[in-house]
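Here's start.txt, which has compact mmCIF, C-alpha atoms:
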# COMPACT_ATOMS: atom_id res chain seq x y z
CA MET A 1 -79.85 157.67 142.42
CA ILE A 2 -78.31 157.79 138.94
CA VAL A 3 -78.95 161.02 137.04
CA PHE A 4 -78.69 160.47 133.28
CA GLU A 5 -77.22 163.87 132.40
CA ASP A 6 -74.56 163.63 135.13
CA ALA A 7 -73.59 160.10 134.13
CA VAL A 8 -73.25 161.04 130.45
CA LYS A 9 -71.19 164.13 131.32
CA GLU A 10 -68.78 161.88 133.22
CA MET A 11 -68.57 159.33 130.40
CA LEU A 12 -68.14 161.69 127.42
CA PRO A 13 -64.47 162.74 127.81
CA LEU A 14 -62.24 160.50 125.69
CA THR A 15 -60.09 158.00 127.57
CA VAL A 16 -56.33 157.78 126.95
CA LEU A 17 -56.91 154.76 124.70
CA GLU A 18 -59.61 156.57 122.72
CA ARG A 19 -57.35 159.64 122.28
CA ALA A 20 -54.64 157.38 120.85
CA PHE A 21 -57.10 155.81 118.41
CA GLN A 22 -58.45 159.26 117.54
CA TYR A 23 -54.96 160.49 116.65
CA VAL A 24 -54.41 157.56 114.30
CA TYR A 25 -57.85 157.98 112.71
CA GLU A 26 -57.73 161.76 112.20
CA ASN A 27 -54.19 161.67 110.78
CA ARG A 28 -55.11 158.77 108.47
CA LEU A 29 -52.26 156.64 109.75
CA PRO A 30 -52.13 152.85 109.34
CA TYR A 31 -53.50 151.12 112.43
CA GLU A 32 -51.11 148.19 112.26
CA HIS A 33 -48.25 148.73 114.77
CA ALA A 34 -49.53 152.29 115.36
CA ASP A 35 -48.45 151.98 119.01
CA GLU A 36 -44.87 152.41 117.76
CA ILE A 37 -45.59 155.91 116.34
CA PRO A 38 -43.93 158.47 118.67
CA GLU A 39 -47.01 160.69 119.02
CA VAL A 40 -49.21 157.69 119.80
CA LYS A 41 -46.67 156.34 122.29
CA ALA A 42 -46.64 159.72 124.03
CA ILE A 43 -50.44 159.69 124.42
CA LEU A 44 -50.48 156.08 125.70
CA SER A 45 -47.65 156.68 128.18
CA ALA A 46 -50.16 158.28 130.54
CA ASP A 47 -51.86 154.92 131.18
CA SER A 48 -50.00 151.59 131.32
CA ASN A 49 -53.24 149.64 130.93
CA ALA A 50 -54.10 151.61 127.80
CA GLU A 51 -50.61 150.87 126.46
CA ARG A 52 -51.17 147.15 126.92
CA ILE A 53 -54.61 147.15 125.28
CA ALA A 54 -53.47 149.32 122.38
CA SER A 55 -50.49 147.08 121.71
CA SER A 56 -52.76 144.04 121.65
CA ILE A 57 -55.21 145.68 119.23
CA PHE A 58 -52.69 147.33 116.91
CA ASN A 59 -50.75 144.11 116.50
CA ARG A 60 -53.65 141.79 115.67
CA LEU A 61 -55.86 143.35 113.05
CA PRO A 62 -57.18 140.55 110.82
CA SER A 63 -60.04 141.46 108.48
CA THR A 64 -62.39 139.17 110.44
CA GLN A 65 -62.32 138.12 114.08
CA GLN A 66 -64.15 135.13 115.52
CA LEU A 67 -64.85 135.38 119.25
CA THR A 68 -66.21 132.53 121.37
CA GLU A 69 -68.03 132.07 124.67
CA ALA A 70 -65.16 129.90 125.88
CA THR A 71 -62.66 132.78 125.63
CA MET A 72 -64.97 135.68 126.54
CA PHE A 73 -67.01 134.35 129.49
CA ARG A 74 -66.05 132.91 132.87
CA PRO A 75 -68.10 129.83 133.79
CA ASP A 76 -70.17 131.83 136.29
CA THR A 77 -70.80 134.73 133.89
CA ASP A 78 -73.76 134.94 131.49
CA VAL A 79 -73.79 138.65 130.59
CA LEU A 80 -70.90 141.06 129.96
CA VAL A 81 -71.37 144.84 129.83
CA SER A 82 -68.97 147.34 128.27
CA CYS A 83 -68.89 150.70 126.49
CA HIS A 84 -67.63 150.53 122.91
CA ILE A 85 -64.24 152.19 122.47
CA ARG A 86 -64.64 155.28 120.28
CA TYR A 87 -62.29 155.55 117.26
CA HIS A 88 -61.51 151.83 117.61
CA PRO A 89 -60.36 150.42 114.25
CA ALA A 90 -63.39 149.24 112.29
CA ILE A 91 -62.95 145.46 112.22
CA GLU A 92 -65.57 143.06 110.90
CA HIS A 93 -66.07 140.33 113.46
CA CYS A 94 -68.56 137.73 114.66
CA HIS A 95 -69.06 135.51 117.70
CA ASP A 96 -71.01 132.49 118.92
CA PHE A 97 -73.05 134.49 121.48
CA PHE A 98 -75.70 137.21 121.27
CA GLU A 99 -74.84 140.89 121.26
CA ILE A 100 -77.27 143.63 122.19
CA GLN A 101 -76.18 147.19 121.48
CA TYR A 102 -77.75 150.30 123.00
CA VAL A 103 -76.97 153.89 121.98
CA LEU A 104 -76.83 156.23 124.98
CA THR A 105 -75.92 159.40 123.03
CA GLY A 106 -75.03 160.40 119.49
CA SER A 107 -75.24 158.08 116.51
CA PHE A 108 -73.14 155.74 114.38
CA ARG A 109 -73.51 153.47 111.37
CA GLN A 110 -72.62 149.84 111.08
CA ASP A 111 -72.61 147.01 108.57
CA ILE A 112 -74.40 143.81 109.61
CA ALA A 113 -74.31 140.82 107.27
CA GLY A 114 -73.77 143.17 104.32
CA GLN A 115 -76.55 145.62 105.28
CA GLU A 116 -75.80 149.16 106.43
CA ILE A 117 -77.93 150.57 109.24
CA GLN A 118 -77.93 153.82 111.15
CA MET A 119 -78.09 153.69 114.96
CA ASN A 120 -79.33 156.69 116.95
CA ALA A 121 -79.74 157.55 120.64
CA GLY A 122 -82.30 155.25 122.27
CA ASP A 123 -81.88 152.46 119.68
CA PHE A 124 -81.25 148.81 120.49
CA CYS A 125 -79.76 146.39 118.01
CA PHE A 126 -80.03 142.64 118.72
CA ILE A 127 -77.38 140.74 116.73
CA ALA A 128 -77.61 136.96 116.34
CA PRO A 129 -74.62 134.64 116.90
CA ASN A 130 -72.20 134.10 114.00
CA VAL A 131 -73.40 137.19 112.10
CA PRO A 132 -70.54 139.41 110.82
CA HIS A 133 -70.86 143.04 111.84
CA ASN A 134 -68.71 146.13 111.90
CA PRO A 135 -69.54 149.33 113.84
CA TYR A 136 -68.04 152.65 112.74
CA VAL A 137 -67.80 154.86 115.84
CA PHE A 138 -65.69 157.88 114.91
CA SER A 139 -67.13 160.78 116.91
CA ASN A 140 -66.64 162.10 120.43
CA ASP A 141 -70.34 162.34 121.27
CA CYS A 142 -71.33 158.74 120.51
CA LEU A 143 -71.67 156.48 123.55
CA PHE A 144 -72.97 153.00 122.93
CA VAL A 145 -73.11 150.03 125.24
CA ASN A 146 -72.43 146.39 124.35
CA LEU A 147 -74.27 143.61 126.18
CA LEU A 148 -72.76 140.22 125.35
CA ILE A 149 -75.03 137.32 126.30
CA ARG A 150 -74.52 133.57 126.33
CA LYS A 151 -76.81 131.70 123.93
CA GLY A 152 -78.03 129.40 126.69
CA ILE A 153 -79.64 131.94 129.00
CA PHE A 154 -82.63 132.87 126.81
CA PRO A 155 -84.43 129.51 126.98
CA HIS A 156 -84.03 129.36 130.76
CA ALA A 157 -84.68 132.98 131.64
CA PHE A 158 -87.57 133.62 129.23
CA LEU A 159 -89.31 130.29 128.59
CA ASN A 160 -92.81 131.74 128.70
CA ILE A 161 -91.89 134.65 126.45
CA LEU A 162 -90.12 132.46 123.91
CA SER A 163 -93.14 130.19 123.65
CA SER A 164 -95.09 132.85 121.77
CA SER A 165 -94.79 133.49 118.03
CA ASP A 166 -93.93 137.19 117.90
CA LEU A 167 -90.98 138.77 116.12
CA ILE A 168 -88.58 138.81 119.08
CA SER A 169 -89.36 135.18 120.00
CA ASN A 170 -88.78 134.08 116.41
CA PHE A 171 -85.49 135.95 116.32
CA PHE A 172 -84.13 134.05 119.32
CA MET A 173 -85.57 130.68 118.34
CA ARG A 174 -84.09 130.86 114.84
CA ALA A 175 -80.77 132.08 116.20
CA LEU A 176 -80.64 129.17 118.65
CA TYR A 177 -81.66 126.44 116.23
CA SER A 178 -81.29 127.43 112.59
CA GLU A 179 -78.38 128.38 110.37
CA LYS A 180 -80.81 130.69 108.53
CA SER A 181 -81.41 133.09 111.38
CA ASN A 182 -82.52 136.72 111.17
CA PRO A 183 -79.18 138.54 111.37
CA PHE A 184 -80.47 141.35 113.58
CA LEU A 185 -83.43 143.18 115.07
CA VAL A 186 -83.63 146.92 115.79
CA ASN A 187 -85.80 148.51 118.46
CA HIS A 188 -86.43 152.24 118.87
CA THR A 189 -86.98 153.20 122.51
CA GLY A 190 -86.27 156.93 122.07
CA GLY A 191 -85.76 158.80 125.33
CA ASP A 192 -87.34 156.16 127.59
CA GLU A 193 -85.98 157.13 131.00
CA ASN A 194 -86.45 153.68 132.56
CA ILE A 195 -84.41 152.03 129.81
CA ARG A 196 -81.61 154.59 130.04
CA LEU A 197 -81.32 154.25 133.81
CA LEU A 198 -81.35 150.44 133.65
CA ILE A 199 -78.47 150.58 131.14
CA LEU A 200 -76.50 152.96 133.36
CA ARG A 201 -77.11 150.72 136.36
CA LEU A 202 -75.68 147.77 134.41
CA ILE A 203 -72.55 149.80 133.63
CA GLU A 204 -72.12 150.75 137.29
CA THR A 205 -72.60 147.18 138.46
CA GLN A 206 -70.04 145.87 135.98
CA LYS A 207 -67.43 148.18 137.54
CA SER A 208 -67.91 146.65 141.00
CA LEU A 209 -65.36 144.17 142.36
CA SER A 210 -67.94 142.18 144.32
CA SER A 211 -68.13 138.42 143.75
CA TYR A 212 -71.90 138.88 143.32
CA VAL A 213 -71.48 140.97 140.16
CA PRO A 214 -72.19 138.18 137.59
CA TYR A 215 -75.49 137.40 139.32
CA LEU A 216 -76.52 141.04 139.74
CA ILE A 217 -75.71 141.69 136.08
CA ARG A 218 -77.84 138.77 134.97
CA ALA A 219 -80.78 139.84 137.17
CA GLN A 220 -80.53 143.45 135.94
CA PHE A 221 -80.30 142.29 132.32
CA GLU A 222 -83.45 140.19 132.73
CA GLU A 223 -85.22 143.25 134.18
CA LEU A 224 -84.06 145.37 131.23
CA PHE A 225 -85.19 142.75 128.71
CA LEU A 226 -88.63 142.53 130.30
CA TYR A 227 -88.99 146.33 130.28
CA ILE A 228 -88.15 146.37 126.56
CA LEU A 229 -90.83 143.76 125.90
CA LYS A 230 -93.38 145.46 128.17
CA ASP A 231 -93.03 148.97 126.79
CA HIS A 232 -91.51 148.53 123.32
CA SER A 233 -92.60 145.14 121.96
CA ARG A 234 -94.24 146.92 119.00
CA ASP A 235 -91.05 148.83 118.18
CA PHE A 236 -88.99 145.89 116.86
CA TYR A 237 -88.30 145.56 113.17
CA SER A 238 -86.41 143.02 111.10
CA MET A 239 -85.04 142.90 107.57
CA THR A 240 -86.38 139.37 107.02
CA SER A 241 -89.56 137.47 107.74
CA SER A 242 -90.48 133.86 108.44
CA SER A 243 -92.36 131.71 105.95
CA ARG A 244 -95.39 129.75 107.18
CA SER A 245 -93.42 126.49 107.24
CA GLN A 246 -90.56 128.10 109.16
CA GLN A 247 -93.08 129.49 111.64
CA LYS A 248 -94.47 126.00 112.26
CA ILE A 249 -90.98 124.70 113.05
CA LEU A 250 -90.36 127.64 115.37
CA ASP A 251 -93.60 126.84 117.19
CA ILE A 252 -92.42 123.24 117.61
CA LEU A 253 -89.04 124.37 118.95
CA SER A 254 -90.74 126.80 121.34
CA TYR A 255 -92.84 123.96 122.69
CA ILE A 256 -89.72 121.81 123.15
CA GLU A 257 -88.03 124.69 125.02
CA ALA A 258 -90.97 125.04 127.40
CA ASN A 259 -91.35 121.29 128.03
CA TYR A 260 -87.81 119.94 127.56
CA ASN A 261 -87.85 117.91 130.79
CA THR A 262 -90.96 115.89 129.91
CA VAL A 263 -91.62 116.09 126.15
CA SER A 264 -91.23 113.02 123.94
CA LEU A 265 -91.19 112.68 120.17
CA SER A 266 -94.54 110.85 120.37
CA VAL A 267 -96.19 113.66 122.32
CA LEU A 268 -94.69 116.25 119.96
CA SER A 269 -95.84 114.47 116.79
CA GLU A 270 -99.37 114.11 118.19
CA LYS A 271 -99.59 117.74 119.27
CA PHE A 272 -98.41 119.13 115.92
CA ASN A 273 -100.01 116.50 113.68
CA TYR A 274 -96.80 115.10 112.21
CA ASN A 275 -95.64 111.56 111.65
CA LYS A 276 -92.81 110.84 114.13
CA SER A 277 -90.28 109.97 111.41
CA TYR A 278 -91.13 113.06 109.37
CA LEU A 279 -90.99 115.30 112.44
CA SER A 280 -87.59 113.87 113.34
CA ARG A 281 -86.32 114.58 109.80
CA ILE A 282 -87.48 118.20 109.68
CA LEU A 283 -85.99 118.94 113.10
CA GLN A 284 -82.67 117.44 111.95
CA SER A 285 -82.81 119.44 108.72
CA TYR A 286 -83.64 122.74 110.44
CA THR A 287 -81.35 122.53 113.47
CA GLY A 288 -78.62 120.09 112.43
CA LYS A 289 -79.44 118.04 115.56
CA SER A 290 -81.57 115.00 116.29
CA PHE A 291 -84.55 115.35 118.61
CA SER A 292 -82.69 113.52 121.38
CA ASP A 293 -79.64 115.80 120.99
CA ILE A 294 -81.84 118.90 121.22
CA ILE A 295 -83.37 117.59 124.44
CA SER A 296 -80.00 116.55 125.91
CA ASP A 297 -78.42 119.94 125.18
CA LEU A 298 -81.34 121.76 126.84
CA ARG A 299 -81.29 119.49 129.90
CA PHE A 300 -77.55 119.76 130.51
CA GLU A 301 -77.47 123.51 129.97
CA HIS A 302 -80.30 123.83 132.47
CA ALA A 303 -78.42 121.54 134.92
CA ARG A 304 -75.29 123.70 134.55
CA ASN A 305 -77.35 126.81 135.20
CA LEU A 306 -78.93 125.32 138.35
CA LEU A 307 -75.52 124.27 139.68
CA LEU A 308 -74.20 127.83 139.33
CA THR A 309 -77.21 129.80 140.51
CA THR A 310 -78.87 127.65 143.21
CA ASP A 311 -77.94 125.44 146.14
CA GLN A 312 -80.25 122.69 144.91
CA ASN A 313 -79.13 119.13 145.64
CA ILE A 314 -77.54 117.44 142.61
CA GLU A 315 -79.90 114.48 142.86
CA ASP A 316 -82.85 116.87 142.73
CA ILE A 317 -81.34 118.66 139.74
CA ILE A 318 -81.10 115.36 137.87
CA LEU A 319 -84.80 114.70 138.48
CA ASN A 320 -85.70 118.34 137.77
CA ILE A 321 -84.28 118.18 134.23
CA GLY A 322 -86.03 114.91 133.47
CA TYR A 323 -83.40 112.19 134.02
CA THR A 324 -83.59 109.15 136.32
CA ASP A 325 -80.33 107.38 135.49
CA ARG A 326 -77.92 109.01 137.94
CA THR A 327 -74.83 107.09 136.72
CA TRP A 328 -75.39 108.02 133.08
CA PHE A 329 -75.97 111.69 134.01
CA TYR A 330 -72.65 111.90 135.90
CA ARG A 331 -70.77 110.25 133.05
CA GLU A 332 -72.34 112.49 130.41
CA PHE A 333 -71.84 115.66 132.51
CA LYS A 334 -68.13 114.87 132.85
CA ARG A 335 -67.87 114.26 129.11
CA ARG A 336 -69.45 117.65 128.36
CA TYR A 337 -67.81 119.81 131.04
CA GLY A 338 -64.64 117.92 131.94
CA THR A 339 -65.46 117.36 135.61
CA THR A 340 -68.17 116.12 137.97
CA PRO A 341 -71.20 118.29 138.84
CA ALA A 342 -69.99 118.79 142.43
CA LYS A 343 -66.50 119.89 141.33
CA TYR A 344 -67.99 122.12 138.62
CA ARG A 345 -70.08 123.87 141.27
CA ARG A 346 -67.11 124.23 143.67
CA GLN A 347 -64.69 125.48 140.99
CA ASN A 348 -66.96 128.32 139.92
CA THR A 349 -68.07 131.26 142.00
CA SER A 350 -71.57 130.81 143.37
CA VAL A 351 -73.83 133.19 145.21
CA TRP A 352 -74.66 130.38 147.59
CA GLY A 353 -71.01 129.85 148.48
CA ASN A 354 -70.26 133.46 149.40
CA GLY A 355 -71.14 134.74 152.80
Structure encoded using C-alpha cells:
Amino acid sequence: MIVFEDAVKEMLPLTVLERAFQYVYENRLPYEHADEIPEVKAILSADSNAERIASSIFNRLPSTQQLTEATMFRPDTDVLVSCHIRYHPAIEHCHDFFEIQYVLTGSFRQDIAGQEIQMNAGDFCFIAPNVPHNPYVFSNDCLFVNLLIRKGIFPHAFLNILSSSDLISNFFMRALYSEKSNPFLVNHTGGDENIRLLILRLIETQKSLSSYVPYLIRAQFEELFLYILKDHSRDFYSMTSSSRSQQKILDILSYIEANYNTVSLSVLSEKFNYNKSYLSRILQSYTGKSFSDIISDLRFEHARNLLLTTDQNIEDIILNIGYTDRTWFYREFKRRYGTTPAKYRRQNTSVWGNG
C-alpha cells in the first residue's frame, strides 16, 4: 500500500538534472549552452542520462515550443504521466493535447494565455490544447505531476459525462470543437487522500516496464477523473463563461458525441429545432468542420481505439461505428493512418496480443 508521506519523502530530494538546473538558476547564469559551464558539467557527470537530457534542453530554448501528439505519444498510448522537473527553464509552450496538472506538495505560479495563477497543494489545473502556458517551479519543496492526454479519449471514455451541460463538460466540448475554448479550469481538492493516492499510483505504474502499462495508465486515469467528478465537481472554476448561443451549440455537439454512429443531420435539426442548412452552417462556423467531417472523425477515432484496446473483429468494428461500406472504410482508414486496420492493430502493442 502506498503511504503518501513516505512517497513524498522519497520524491523530494533533487535529482542530478534538477541540481544542475538549480545551480544555473541560483547563480543567474544564461541557460543557453549552460551544460558547457564547468560547475554544471561536474554536477551532470554523475548521471549520463541527465547529461543527455540537459544538453538537449540547454541547446534548444526557443521562446515558444509547440508539441504534438505525433511526437509525444506512441500509437498505443493515450495518457503520459511525469513529474515536472524543478528549476527547469521557464519556457512558454503549447501542444495539441490536453494537460492536467496536479500539485502534490508546495506551490508555484504559472502564466496561462496571459493570465497568472497560483497553484497550491491539492490543486488541479486542466489546460486546453493549443493554449500557451509557462510554469515557474523554482523551489525544492514543490512537486507537481503532469498528465498529458490525447484529445480523442474524452469522447470515448466519458460519453455520458460529456453529454451534460456543466462547466467541465463545456470545457472539453469547446476544447475539442471550437477555436474559442476556455483556456483552463482549476479545481481545488485540498488534502483529499483518495486523489493523492490515485496520483501516486499513476506515477508508480508509469515507472513499470510491463507492456500493459499504457492500458493500466488509461484505466487508472479514468478512475481518477471519475473521482474528481464524484467528489469535487463543485470545486471547478473558470475565467470565462459560455453565452446562451454557445451553450446551445455545445449541447448539439454533446448529442453528436453520444450518438455519432447513428445520428443524421435531419435527426439533429429536428431535435434542436433548426433548419438543416442553418444547422450545417453554424456547425461549420463553430468547429471549422462540416457535419459529415465531424461524424467521420469521431467514427474513425473510435475505430482506432477499438482496434488497440479490444479483440473485436474488424467487420464488427465497422458496423459498430455506423458504416456498412467495408471497401470504403478500408480505403479511408489507410488514407488516415497509412496502413490497413489489421496491420495497424498488429504494429501496435495490444493487451489482447500479450500473453
Find the spatial neighbours of Gln101 in chain A, counting all atoms listed in the file, within a cut-off of 8 Å - ignore same-chain residues fewer than 6 positions away - and output them as a ChimeraX atom specification. /A:123-126,144-147
Would you please work out which residue, of A:Asp235, A:Glu18, A:Asp297, A:Asp192, is nearest to Gly152 in chain A when using only C-alpha atoms?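 So, comparing all the options, the nearest one is A:Asp297.
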Measuring atom to atom with all atoms listed in the file, identify which of A:Pro155, A:Gly191, A:Gly288, A:Pro214 is nearest to His302 in chain A. A:Pro155
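Comparing the minimum interatomic distances between Gln220 in chain A and each of A:Ala42, A:Ile314, A:Ala70, A:Val79, counting all atoms listed in the file, we find that A:Val79 sits nearest.
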Just give me the gap between CA of His188 in chain A and CA of Leu176 in chain A in Å, one decimal is fine. 23.8 Å
Pairwise distance for CA of Leu14 in chain A and CA of His88 in chain A, rounded to one decimal in Å: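 CA of His88 in chain A lies 11.9 Å from CA of Leu14 in chain A.
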Please list, as a ChimeraX atom specification, the residues that have an atom at most 8 Å away from (-78.2, 130.1, 132.5) in the coordinates of this file, counting all atoms listed in the file. /A:78,150,152-154,156-157,301-302,304-306
